[in-house]
>>> print(open('query_24.pdb').read())   # PDB, C-alpha atoms
ATOM      1  CA  MET T   1      73.486-131.488   2.936
ATOM      2  CA  LEU T   2      75.343-133.092   0.004
ATOM      3  CA  MET T   3      72.788-132.002  -2.615
ATOM      4  CA  PHE T   4      72.932-128.339  -1.740
ATOM      5  CA  ASN T   5      76.730-128.058  -2.022
ATOM      6  CA  ASN T   6      76.145-126.961  -5.606
ATOM      7  CA  LYS T   7      74.723-123.538  -4.788
ATOM      8  CA  THR T   8      74.617-122.313  -8.396
ATOM      9  CA  ALA T   9      72.443-125.241  -9.467
ATOM     10  CA  PHE T  10      70.219-124.742  -6.451
ATOM     11  CA  PHE T  11      69.799-121.068  -7.361
ATOM     12  CA  ILE T  12      69.038-121.904 -11.027
ATOM     13  CA  ILE T  13      66.418-124.503 -10.095
ATOM     14  CA  LEU T  14      64.846-122.156  -7.567
ATOM     15  CA  SER T  15      64.688-119.372 -10.183
ATOM     16  CA  GLY T  16      63.048-121.794 -12.610
ATOM     17  CA  LEU T  17      60.436-122.795 -10.046
ATOM     18  CA  LEU T  18      59.759-119.115  -9.381
ATOM     19  CA  LEU T  19      59.293-118.479 -13.102
ATOM     20  CA  ILE T  20      56.867-121.422 -13.324
ATOM     21  CA  ALA T  21      54.872-120.077 -10.364
ATOM     22  CA  ILE T  22      54.679-116.551 -11.833
ATOM     23  CA  GLY T  23      53.748-117.983 -15.230
ATOM     24  CA  VAL T  24      50.960-120.143 -13.800
ATOM     25  CA  MET T  25      49.630-117.141 -11.867
ATOM     26  CA  ARG T  26      49.580-115.154 -15.132
ATOM     27  CA  GLY T  27      47.379-117.880 -16.645
ATOM     28  CA  GLU T  28      50.044-119.244 -18.986
ATOM     29  CA  PHE T  29      49.139-122.876 -18.301
ATOM     30  CA  GLN T  30      45.792-122.186 -19.973
ATOM     31  CA  ASP T  31      47.524-120.372 -22.854
ATOM     32  CA  VAL T  32      49.834-123.327 -23.495
ATOM     33  CA  LEU T  33      46.891-125.714 -23.203
ATOM     34  CA  PHE T  34      44.862-123.671 -25.694
ATOM     35  CA  LYS T  35      47.714-123.672 -28.224
ATOM     36  CA  GLY T  36      48.429-127.353 -27.665
ATOM     37  CA  ILE T  37      44.925-128.695 -28.210
ATOM     38  CA  ASN T  38      44.591-127.059 -31.622
ATOM     39  CA  ILE T  39      46.378-128.406 -34.670
ATOM     40  CA  CYS T  40      49.364-126.167 -35.409
ATOM     41  CA  LEU T  41      49.375-125.632 -39.177
ATOM     42  CA  GLU T  42      52.719-123.835 -39.018
ATOM     43  CA  CYS T  43      54.351-126.862 -37.363
ATOM     44  CA  MET T  44      53.081-129.038 -40.206
ATOM     45  CA  GLY T  45      54.427-126.630 -42.809
ATOM     46  CA  LEU T  46      50.961-125.517 -43.952
ATOM     47  CA  GLY T  47      50.686-122.173 -42.157
TER      48      GLY T  47
ATOM     49  CA  MET R   1      71.135-154.152 -19.361
ATOM     50  CA  LYS R   2      73.335-153.817 -22.438
ATOM     51  CA  ASN R   3      71.864-150.627 -23.850
ATOM     52  CA  LYS R   4      70.278-148.712 -21.021
ATOM     53  CA  ARG R   5      70.153-145.454 -22.983
ATOM     54  CA  LEU R   6      68.262-146.886 -25.954
ATOM     55  CA  PHE R   7      65.778-148.490 -23.568
ATOM     56  CA  THR R   8      65.302-145.152 -21.739
ATOM     57  CA  GLN R   9      64.900-143.277 -25.032
ATOM     58  CA  LEU R  10      62.277-145.729 -26.298
ATOM     59  CA  THR R  11      60.421-145.671 -22.972
ATOM     60  CA  ALA R  12      60.453-141.851 -22.948
ATOM     61  CA  PHE R  13      59.273-141.779 -26.564
ATOM     62  CA  PHE R  14      56.216-143.902 -25.787
ATOM     63  CA  LEU R  15      55.504-142.107 -22.493
ATOM     64  CA  ALA R  16      55.515-138.734 -24.263
ATOM     65  CA  ASN R  17      53.619-140.157 -27.254
ATOM     66  CA  PRO R  18      51.371-142.941 -25.938
ATOM     67  CA  LEU R  19      48.284-142.316 -28.116
ATOM     68  CA  LEU R  20      49.476-144.276 -31.135
ATOM     69  CA  GLY R  21      45.890-144.951 -32.268
ATOM     70  CA  ASN R  22      45.563-141.262 -33.147
ATOM     71  CA  PHE R  23      47.992-141.784 -36.010
ATOM     72  CA  PHE R  24      45.220-143.731 -37.744
ATOM     73  CA  SER R  25      42.281-141.543 -36.718
ATOM     74  CA  GLY R  26      44.098-138.283 -37.581
ATOM     75  CA  HIS R  27      43.151-136.522 -34.347
ATOM     76  CA  ILE R  28      45.331-134.898 -31.723
ATOM     77  CA  TYR R  29      44.986-135.244 -27.941
ATOM     78  CA  GLN R  30      43.000-132.375 -26.406
ATOM     79  CA  GLY R  31      43.170-133.150 -22.684
ATOM     80  CA  ARG R  32      44.596-131.033 -19.870
ATOM     81  CA  LEU R  33      48.033-132.669 -19.983
ATOM     82  CA  LYS R  34      48.666-130.565 -23.093
ATOM     83  CA  GLY R  35      49.087-127.627 -20.707
ATOM     84  CA  GLY R  36      52.389-129.172 -19.628
ATOM     85  CA  CYS R  37      55.700-129.016 -21.462
ATOM     86  CA  LEU R  38      58.619-131.407 -21.392
ATOM     87  CA  PRO R  39      62.154-130.096 -22.029
ATOM     88  CA  ILE R  40      62.358-132.021 -25.309
ATOM     89  CA  LEU R  41      61.558-131.455 -28.971
ATOM     90  CA  ASN R  42      58.165-133.169 -29.238
ATOM     91  CA  CYS R  43      55.630-131.429 -31.477
ATOM     92  CA  TYR R  44      52.258-130.787 -29.827
ATOM     93  CA  SER R  45      50.514-131.462 -33.098
ATOM     94  CA  CYS R  46      51.874-135.003 -33.204
ATOM     95  CA  PRO R  47      48.706-137.130 -32.954
ATOM     96  CA  ALA R  48      50.230-139.349 -30.254
ATOM     97  CA  ALA R  49      51.647-136.528 -28.086
ATOM     98  CA  ILE R  50      50.127-135.761 -24.687
ATOM     99  CA  SER R  51      52.243-132.715 -23.824
ATOM    100  CA  SER R  52      53.177-129.462 -25.513
ATOM    101  CA  CYS R  53      56.428-128.519 -27.193
ATOM    102  CA  PRO R  54      58.336-125.825 -25.257
ATOM    103  CA  LEU R  55      59.684-124.175 -28.423
ATOM    104  CA  GLY R  56      56.261-124.110 -30.075
ATOM    105  CA  SER R  57      54.609-122.760 -26.920
ATOM    106  CA  LEU R  58      57.234-120.034 -26.428
ATOM    107  CA  GLN R  59      56.885-118.898 -30.031
ATOM    108  CA  SER R  60      53.079-119.085 -30.138
ATOM    109  CA  MET R  61      52.806-116.836 -27.109
ATOM    110  CA  ALA R  62      55.366-114.418 -28.511
ATOM    111  CA  ALA R  63      53.474-114.353 -31.820
ATOM    112  CA  GLY R  64      50.162-113.194 -30.324
ATOM    113  CA  LEU R  65      48.568-109.795 -30.816
ATOM    114  CA  VAL R  66      49.820-108.969 -27.312
ATOM    115  CA  PRO R  67      53.254-110.637 -27.476
ATOM    116  CA  ARG R  68      54.732-111.969 -24.280
ATOM    117  CA  THR R  69      57.426-114.361 -23.169
ATOM    118  CA  SER R  70      56.025-117.397 -21.423
ATOM    119  CA  LEU R  71      57.665-117.429 -17.995
ATOM    120  CA  TYR R  72      55.925-120.747 -17.303
ATOM    121  CA  VAL R  73      57.617-122.506 -20.249
ATOM    122  CA  LEU R  74      60.905-120.710 -19.639
ATOM    123  CA  GLY R  75      60.719-121.837 -15.992
ATOM    124  CA  ILE R  76      60.265-125.480 -17.013
ATOM    125  CA  LEU R  77      63.330-125.224 -19.242
ATOM    126  CA  VAL R  78      65.396-123.510 -16.530
ATOM    127  CA  VAL R  79      64.477-126.168 -13.932
ATOM    128  CA  ALA R  80      65.360-128.947 -16.390
ATOM    129  CA  ALA R  81      68.599-127.256 -17.425
ATOM    130  CA  GLY R  82      69.589-126.543 -13.821
ATOM    131  CA  THR R  83      68.992-130.178 -12.898
ATOM    132  CA  ALA R  84      70.858-132.031 -15.627
ATOM    133  CA  GLY R  85      71.679-129.706 -18.562
ATOM    134  CA  ARG R  86      71.506-131.492 -21.918
ATOM    135  CA  TRP R  87      70.892-134.899 -20.347
ATOM    136  CA  PHE R  88      67.362-134.625 -21.742
ATOM    137  CA  CYS R  89      68.829-134.433 -25.272
ATOM    138  CA  GLY R  90      70.834-137.586 -24.786
ATOM    139  CA  TRP R  91      68.303-139.722 -22.961
ATOM    140  CA  ILE R  92      64.752-138.413 -23.431
ATOM    141  CA  CYS R  93      64.337-136.372 -26.631
ATOM    142  CA  PRO R  94      62.329-138.255 -29.311
ATOM    143  CA  PHE R  95      64.095-136.494 -32.171
ATOM    144  CA  GLY R  96      67.423-137.391 -30.573
ATOM    145  CA  LEU R  97      66.304-141.031 -30.607
ATOM    146  CA  ILE R  98      65.371-140.807 -34.299
ATOM    147  CA  GLN R  99      68.809-139.356 -35.123
ATOM    148  CA  ASP R 100      70.552-141.996 -33.007
ATOM    149  CA  LEU R 101      68.701-144.740 -34.898
ATOM    150  CA  MET R 102      69.764-143.184 -38.213
ATOM    151  CA  GLY R 103      73.333-142.960 -36.903
ATOM    152  CA  ARG R 104      73.328-146.698 -36.236
ATOM    153  CA  LEU R 105      73.175-147.363 -39.982
ATOM    154  CA  THR R 106      76.915-146.760 -40.241
ATOM    155  CA  SER R 107      79.847-146.466 -37.869
ATOM    156  CA  LEU R 108      81.279-143.639 -39.991
ATOM    157  CA  ARG R 109      81.553-140.454 -37.951
ATOM    158  CA  LEU R 110      82.387-137.272 -39.856
ATOM    159  CA  LYS R 111      83.467-134.050 -38.172
ATOM    160  CA  ILE R 112      81.140-131.032 -38.238
ATOM    161  CA  PRO R 113      82.970-127.706 -38.818
ATOM    162  CA  PHE R 114      83.107-125.705 -35.582
ATOM    163  CA  ILE R 115      81.446-122.628 -37.110
ATOM    164  CA  LEU R 116      78.290-124.624 -37.954
ATOM    165  CA  THR R 117      77.888-125.676 -34.314
ATOM    166  CA  ARG R 118      77.478-121.972 -33.393
ATOM    167  CA  ILE R 119      74.292-121.560 -35.460
ATOM    168  CA  LYS R 120      72.054-123.008 -32.728
ATOM    169  CA  TYR R 121      73.179-120.338 -30.238
ATOM    170  CA  ILE R 122      72.147-117.591 -32.664
ATOM    171  CA  LEU R 123      68.756-119.288 -32.973
ATOM    172  CA  ILE R 124      68.037-119.111 -29.200
ATOM    173  CA  PRO R 125      67.192-115.372 -29.130
ATOM    174  CA  LEU R 126      65.691-115.482 -32.625
ATOM    175  CA  VAL R 127      63.134-118.097 -31.548
ATOM    176  CA  ILE R 128      61.674-115.611 -29.056
ATOM    177  CA  ILE R 129      62.409-112.262 -30.727
ATOM    178  CA  LEU R 130      61.425-112.977 -34.351
ATOM    179  CA  PRO R 131      57.734-113.765 -33.636
ATOM    180  CA  ILE R 132      57.517-110.429 -31.773
ATOM    181  CA  LEU R 133      59.337-108.280 -34.353
ATOM    182  CA  TRP R 134      58.338-109.885 -37.663
ATOM    183  CA  VAL R 135      54.572-109.391 -37.766
ATOM    184  CA  ASP R 136      51.961-109.273 -40.522
ATOM    185  CA  VAL R 137      49.662-106.347 -41.339
ATOM    186  CA  ASN R 138      47.304-107.405 -38.537
ATOM    187  CA  GLY R 139      50.088-107.359 -35.953
ATOM    188  CA  PHE R 140      50.407-111.138 -35.625
ATOM    189  CA  GLY R 141      53.766-112.875 -35.692
ATOM    190  CA  SER R 142      54.349-116.547 -36.409
ATOM    191  CA  PRO R 143      56.273-119.416 -34.815
ATOM    192  CA  TYR R 144      58.967-119.088 -37.467
ATOM    193  CA  PHE R 145      61.218-121.894 -36.249
ATOM    194  CA  CYS R 146      58.302-124.354 -36.321
ATOM    195  CA  GLN R 147      57.033-122.948 -39.590
ATOM    196  CA  TYR R 148      60.200-123.027 -41.671
ATOM    197  CA  ILE R 149      62.691-125.354 -39.978
ATOM    198  CA  CYS R 150      61.471-127.805 -37.319
ATOM    199  CA  PRO R 151      61.899-131.311 -38.782
ATOM    200  CA  GLN R 152      60.185-132.921 -35.775
ATOM    201  CA  GLY R 153      56.928-131.119 -36.647
ATOM    202  CA  THR R 154      57.152-132.233 -40.279
ATOM    203  CA  LEU R 155      57.900-135.829 -39.358
ATOM    204  CA  THR R 156      55.541-136.470 -36.458
ATOM    205  CA  ALA R 157      52.745-133.957 -37.125
ATOM    206  CA  GLY R 158      52.798-132.907 -40.777
ATOM    207  CA  ILE R 159      53.189-136.269 -42.498
ATOM    208  CA  PRO R 160      50.789-138.325 -40.285
ATOM    209  CA  LEU R 161      48.064-135.667 -40.206
ATOM    210  CA  LEU R 162      48.255-135.066 -43.949
ATOM    211  CA  LEU R 163      48.004-138.793 -44.630
ATOM    212  CA  THR R 164      44.759-139.030 -42.651
ATOM    213  CA  ASN R 165      43.126-135.649 -43.421
ATOM    214  CA  PRO R 166      42.257-135.016 -47.096
ATOM    215  CA  GLU R 167      41.115-131.436 -46.273
ATOM    216  CA  LEU R 168      44.550-130.561 -44.921
ATOM    217  CA  ARG R 169      46.195-131.927 -48.059
ATOM    218  CA  LEU R 170      44.513-129.142 -50.040
ATOM    219  CA  MET R 171      46.642-126.642 -48.098
ATOM    220  CA  ILE R 172      50.020-128.111 -49.114
ATOM    221  CA  GLY R 173      52.250-125.416 -50.597
ATOM    222  CA  THR R 174      55.884-124.539 -51.196
ATOM    223  CA  VAL R 175      56.730-124.186 -47.496
ATOM    224  CA  PHE R 176      55.669-127.772 -46.848
ATOM    225  CA  TRP R 177      57.965-129.111 -49.553
ATOM    226  CA  VAL R 178      60.814-126.931 -48.267
ATOM    227  CA  LYS R 179      60.289-128.479 -44.825
ATOM    228  CA  ILE R 180      60.259-131.958 -46.350
ATOM    229  CA  VAL R 181      63.619-131.242 -48.013
ATOM    230  CA  ILE R 182      65.000-129.961 -44.680
ATOM    231  CA  LEU R 183      63.754-133.117 -42.954
ATOM    232  CA  ILE R 184      65.360-135.377 -45.574
ATOM    233  CA  LEU R 185      68.659-133.468 -45.371
ATOM    234  CA  ILE R 186      68.711-133.738 -41.578
ATOM    235  CA  MET R 187      67.835-137.431 -41.643
ATOM    236  CA  LEU R 188      70.536-138.193 -44.217
ATOM    237  CA  SER R 189      73.135-136.039 -42.486
ATOM    238  CA  SER R 190      72.510-137.737 -39.144
ATOM    239  CA  ILE R 191      73.714-141.019 -40.667
ATOM    240  CA  PHE R 192      77.224-139.640 -41.149
ATOM    241  CA  TYR R 193      77.305-136.710 -38.737
ATOM    242  CA  LYS R 194      76.014-138.017 -35.394
ATOM    243  CA  ARG R 195      73.234-135.864 -33.964
ATOM    244  CA  SER R 196      73.646-133.295 -36.743
ATOM    245  CA  PHE R 197      70.396-131.460 -35.907
ATOM    246  CA  CYS R 198      71.221-131.272 -32.185
ATOM    247  CA  ARG R 199      74.720-130.005 -32.915
ATOM    248  CA  ILE R 200      73.916-127.443 -35.584
ATOM    249  CA  ILE R 201      70.314-126.274 -35.335
ATOM    250  CA  CYS R 202      68.421-127.196 -32.162
ATOM    251  CA  PRO R 203      67.900-124.008 -30.084
ATOM    252  CA  LEU R 204      66.347-126.047 -27.272
ATOM    253  CA  GLY R 205      69.457-128.189 -26.874
ATOM    254  CA  ALA R 206      71.604-125.072 -27.152
ATOM    255  CA  PHE R 207      69.680-123.457 -24.283
ATOM    256  CA  LEU R 208      69.928-126.557 -22.069
ATOM    257  CA  GLY R 209      73.617-126.859 -22.908
ATOM    258  CA  LEU R 210      74.367-123.382 -21.574
ATOM    259  CA  PHE R 211      73.675-124.823 -18.110
ATOM    260  CA  ASN R 212      75.809-127.979 -18.462
ATOM    261  CA  LYS R 213      78.618-126.474 -16.353
ATOM    262  CA  TYR R 214      76.299-125.307 -13.581
ATOM    263  CA  ALA R 215      73.713-128.097 -13.430
ATOM    264  CA  LEU R 216      73.081-130.148 -10.333
ATOM    265  CA  PHE R 217      74.181-133.309 -12.140
ATOM    266  CA  LYS R 218      77.521-132.944 -13.911
ATOM    267  CA  LEU R 219      80.273-135.077 -15.347
ATOM    268  CA  PHE R 220      83.329-135.539 -13.139
ATOM    269  CA  TYR R 221      86.721-136.974 -14.049
ATOM    270  CA  THR R 222      89.491-138.310 -11.865
ATOM    271  CA  PRO R 223      92.712-137.524 -13.778
ATOM    272  CA  GLU R 224      95.147-139.162 -11.314
ATOM    273  CA  ASN R 225      94.637-142.732 -12.489
ATOM    274  CA  CYS R 226      93.974-141.952 -16.170
ATOM    275  CA  SER R 227      96.071-143.910 -18.676
ATOM    276  CA  LYS R 228      95.172-141.412 -21.457
ATOM    277  CA  CYS R 229      93.944-144.248 -23.676
ATOM    278  CA  GLY R 230      91.593-141.835 -25.494
ATOM    279  CA  ARG R 231      88.696-144.262 -25.640
ATOM    280  CA  CYS R 232      86.327-141.739 -24.030
ATOM    281  CA  THR R 233      87.102-139.199 -26.747
ATOM    282  CA  GLY R 234      86.793-141.871 -29.409
ATOM    283  CA  VAL R 235      83.216-142.777 -28.534
ATOM    284  CA  CYS R 236      81.894-139.227 -28.051
ATOM    285  CA  PRO R 237      79.092-138.771 -30.616
ATOM    286  CA  VAL R 238      79.530-135.001 -30.681
ATOM    287  CA  GLY R 239      83.286-135.177 -31.166
ATOM    288  CA  LEU R 240      84.432-133.648 -27.893
ATOM    289  CA  ASP R 241      87.886-134.065 -26.436
ATOM    290  CA  VAL R 242      86.291-135.598 -23.349
ATOM    291  CA  PRO R 243      88.659-135.065 -20.422
ATOM    292  CA  ASP R 244      89.218-131.403 -21.368
ATOM    293  CA  ASN R 245      85.642-130.521 -22.347
ATOM    294  CA  LEU R 246      83.744-132.689 -19.947
ATOM    295  CA  ASN R 247      80.942-130.217 -19.237
ATOM    296  CA  SER R 248      80.993-128.403 -22.552
ATOM    297  CA  SER R 249      77.687-126.961 -23.739
ATOM    298  CA  GLU R 250      78.005-129.276 -26.756
ATOM    299  CA  CYS R 251      77.872-132.400 -24.574
ATOM    300  CA  ILE R 252      74.497-134.155 -24.879
ATOM    301  CA  ARG R 253      75.129-136.211 -21.720
ATOM    302  CA  CYS R 254      74.778-139.543 -23.523
ATOM    303  CA  LEU R 255      77.353-140.848 -21.030
ATOM    304  CA  ALA R 256      79.053-142.985 -23.681
ATOM    305  CA  CYS R 257      82.405-141.782 -22.268
ATOM    306  CA  LYS R 258      81.445-142.912 -18.784
ATOM    307  CA  LYS R 259      80.425-146.324 -20.115
ATOM    308  CA  GLU R 260      83.606-146.648 -22.185
ATOM    309  CA  CYS R 261      86.055-145.760 -19.407
ATOM    310  CA  ALA R 262      87.326-149.127 -18.201
ATOM    311  CA  SER R 263      88.807-147.581 -15.056
ATOM    312  CA  GLY R 264      85.538-145.883 -14.122
ATOM    313  CA  LEU R 265      87.194-142.472 -13.873
ATOM    314  CA  ILE R 266      84.225-140.577 -15.311
ATOM    315  CA  SER R 267      81.086-140.153 -13.245
ATOM    316  CA  PHE R 268      77.802-138.330 -13.733
ATOM    317  CA  SER R 269      76.627-137.152 -10.358
ATOM    318  CA  MET R 270      76.077-134.227  -8.021
ATOM    319  CA  GLN R 271      79.585-134.373  -6.524
ATOM    320  CA  PRO R 272      82.997-135.730  -7.555
ATOM    321  CA  ASP R 273      83.671-139.215  -6.210
ATOM    322  CA  SER R 274      86.411-137.822  -3.934
ATOM    323  CA  VAL R 275      83.933-135.488  -2.211
ATOM    324  CA  LYS R 276      81.361-138.270  -1.892
ATOM    325  CA  THR R 277      83.948-140.548  -0.283
ATOM    326  CA  LYS R 278      84.957-137.782   2.140
ATOM    327  CA  TYR R 279      81.293-137.118   2.958
ATOM    328  CA  ARG R 280      80.610-140.805   3.588
ATOM    329  CA  ARG R 281      83.728-141.070   5.777
ATOM    330  CA  GLU R 282      82.540-138.141   7.873
ATOM    331  CA  MET R 283      79.096-139.706   8.132
ATOM    332  CA  TYR R 284      80.567-142.974   9.430
ATOM    333  CA  GLU R 285      82.846-141.164  11.867
ATOM    334  CA  ASN R 286      79.857-139.337  13.336
ATOM    335  CA  ILE R 287      77.905-142.552  13.896
TER     336      ILE R 287
END
>>> encode(input="query_24.pdb", output="structure tokens")
Amino acid sequence: MLMFNNKTAFFIILSGLLLIAIGVMRGEFQDVLFKGINICLECMGLG
Amino acid sequence: MKNKRLFTQLTAFFLANPLLGNFFSGHIYQGRLKGGCLPILNCYSCPAAISSCPLGSLQSMAAGLVPRTSLYVLGILVVAAGTAGRWFCGWICPFGLIQDLMGRLTSLRLKIPFILTRIKYILIPLVIILPILWVDVNGFGSPYFCQYICPQGTLTAGIPLLLTNPELRLMIGTVFWVKIVILILIMLSSIFYKRSFCRIICPLGAFLGLFNKYALFKLFYTPENCSKCGRCTGVCPVGLDVPDNLNSSECIRCLACKKECASGLISFSMQPDSVKTKYRREMYENI
């Protein structure tokens, strides 16, 4: 197939998807959500 | 459409930051979408934002009492980088849009010394390692890039939230004013040095750029019919010698070179035009 001629890109994307899956299984979606819903004082320059 | 990129940038800006009413109420979005990250510099404390910032998330997790690298966020960045490299910088990033708008104030384009463009690559490991190594007496690190540098956080989170929250204003200290000075310097520099922040400081763009050569979507050039007019190099906002450095990690994939090439010799796709033509020919022959 035309798309999969670029094997390196295919491998990179697959690795990324694997990392996402492992991360979600480790509960990192919730961690990111928890950080994101609270005001980040450091980002504002107050922390 | 005359300026497809500006339209895409504005659309992406409002899709990533649709809750404009929060700028007046001084609240931030607290729904489940905040668990997602986009491969762009978009502060999660911006009142209008509905997703999280990958750099902020990576650093926050590394700065915890039990420091760890977020594979989830890293995975999102790797998928994005493997798909289109720094295309997200050129077409989607809100801070890229802000710099582009500043750059429109003048056509003057000054050259950034090469050594300064290396700083962002040093910042990539520091963004993850510093919050783990540089901890306080209680063992907690800090998202140092966000805390001391990130101009996007100052502009879209700091200023609007401080304007609407008197309690937060009581916490203003030296670091805030340092960040304001950094923001002003970056804004002013982006008038004369196109995309100065992206080219010198942004560790996110630097990371995405490392994959430019290997991404699924790349720039291709057909040298046979090239008249060497140099127009592609002339329009490059990051000052690349386009035909020779087509997939350089510095390229933000704005595709200005592709648009400028009158002969259509530059393409942004998964395969060079020659391969696509061969593939199509084979397809037709098999029918």
>>> interface_residues(input="query_24.pdb", of="chain T", to="chain R", cutoff="7 Å", atoms="all atoms listed in the file", output="list of chain:residue names")
T:Met3, T:Asn6, T:Thr8, T:Ala9, T:Ile12, T:Ile13, T:Gly16, T:Leu17, T:Leu19, T:Ile20, T:Ile22, T:Gly23, T:Val24, T:Glu28, T:Phe29, T:Gln30, T:Val32, T:Leu33, T:Gly36, T:Ile37, T:Ile39, T:Cys40, T:Glu42, T:Cys43, T:Met44, T:Gly45, T:Leu46, T:Gly47
>>> resolve_selection(input="query_24.pdb", expression="the PyMOL selection byres ((chain R and resi 243-256) around 6)", output="MDAnalysis selection string")
chainID R and resid 86:87 89:90 209:210 212:213 241:242 257:259
>>> axis_aligned_box(input="query_24.pdb", around="segment 18-36 of chain T", padding_each_side="6 Å", output="JSON")
{"center_x": 52.3, "center_y": -121.3, "center_z": -18.8, "size_x": 26.9, "size_y": 24.2, "size_z": 30.8}
>>> closest_atom_pairs(input="query_24.pdb", of="segment 16-109 of chain R", to="segment 185-208 of chain R", cutoff="6 Å", atoms="all atoms listed in the file", output="tab-separated table")
residue	atom	partner	partner_atom	distance
R:Ala81	CA	R:Leu208	CA	4.9
R:Gly85	CA	R:Leu208	CA	5.0
R:Arg86	CA	R:Leu208	CA	5.2
R:Gln99	CA	R:Ser190	CA	5.7
R:Met102	CA	R:Ile191	CA	5.1
R:Gly103	CA	R:Ile191	CA	4.3
R:Leu108	CA	R:Phe192	CA	5.8
R:Arg109	CA	R:Phe192	CA	5.4
>>> atom_distance(input="query_24.pdb", atom1="atom CA of Phe23 of chain R", atom2="atom CA of Val127 of chain R")
28.5 Å
>>> atom_distance(input="query_24.pdb", atom1="atom CA of Cys93 of chain R", atom2="atom CA of Phe13 of chain R")
7.4 Å
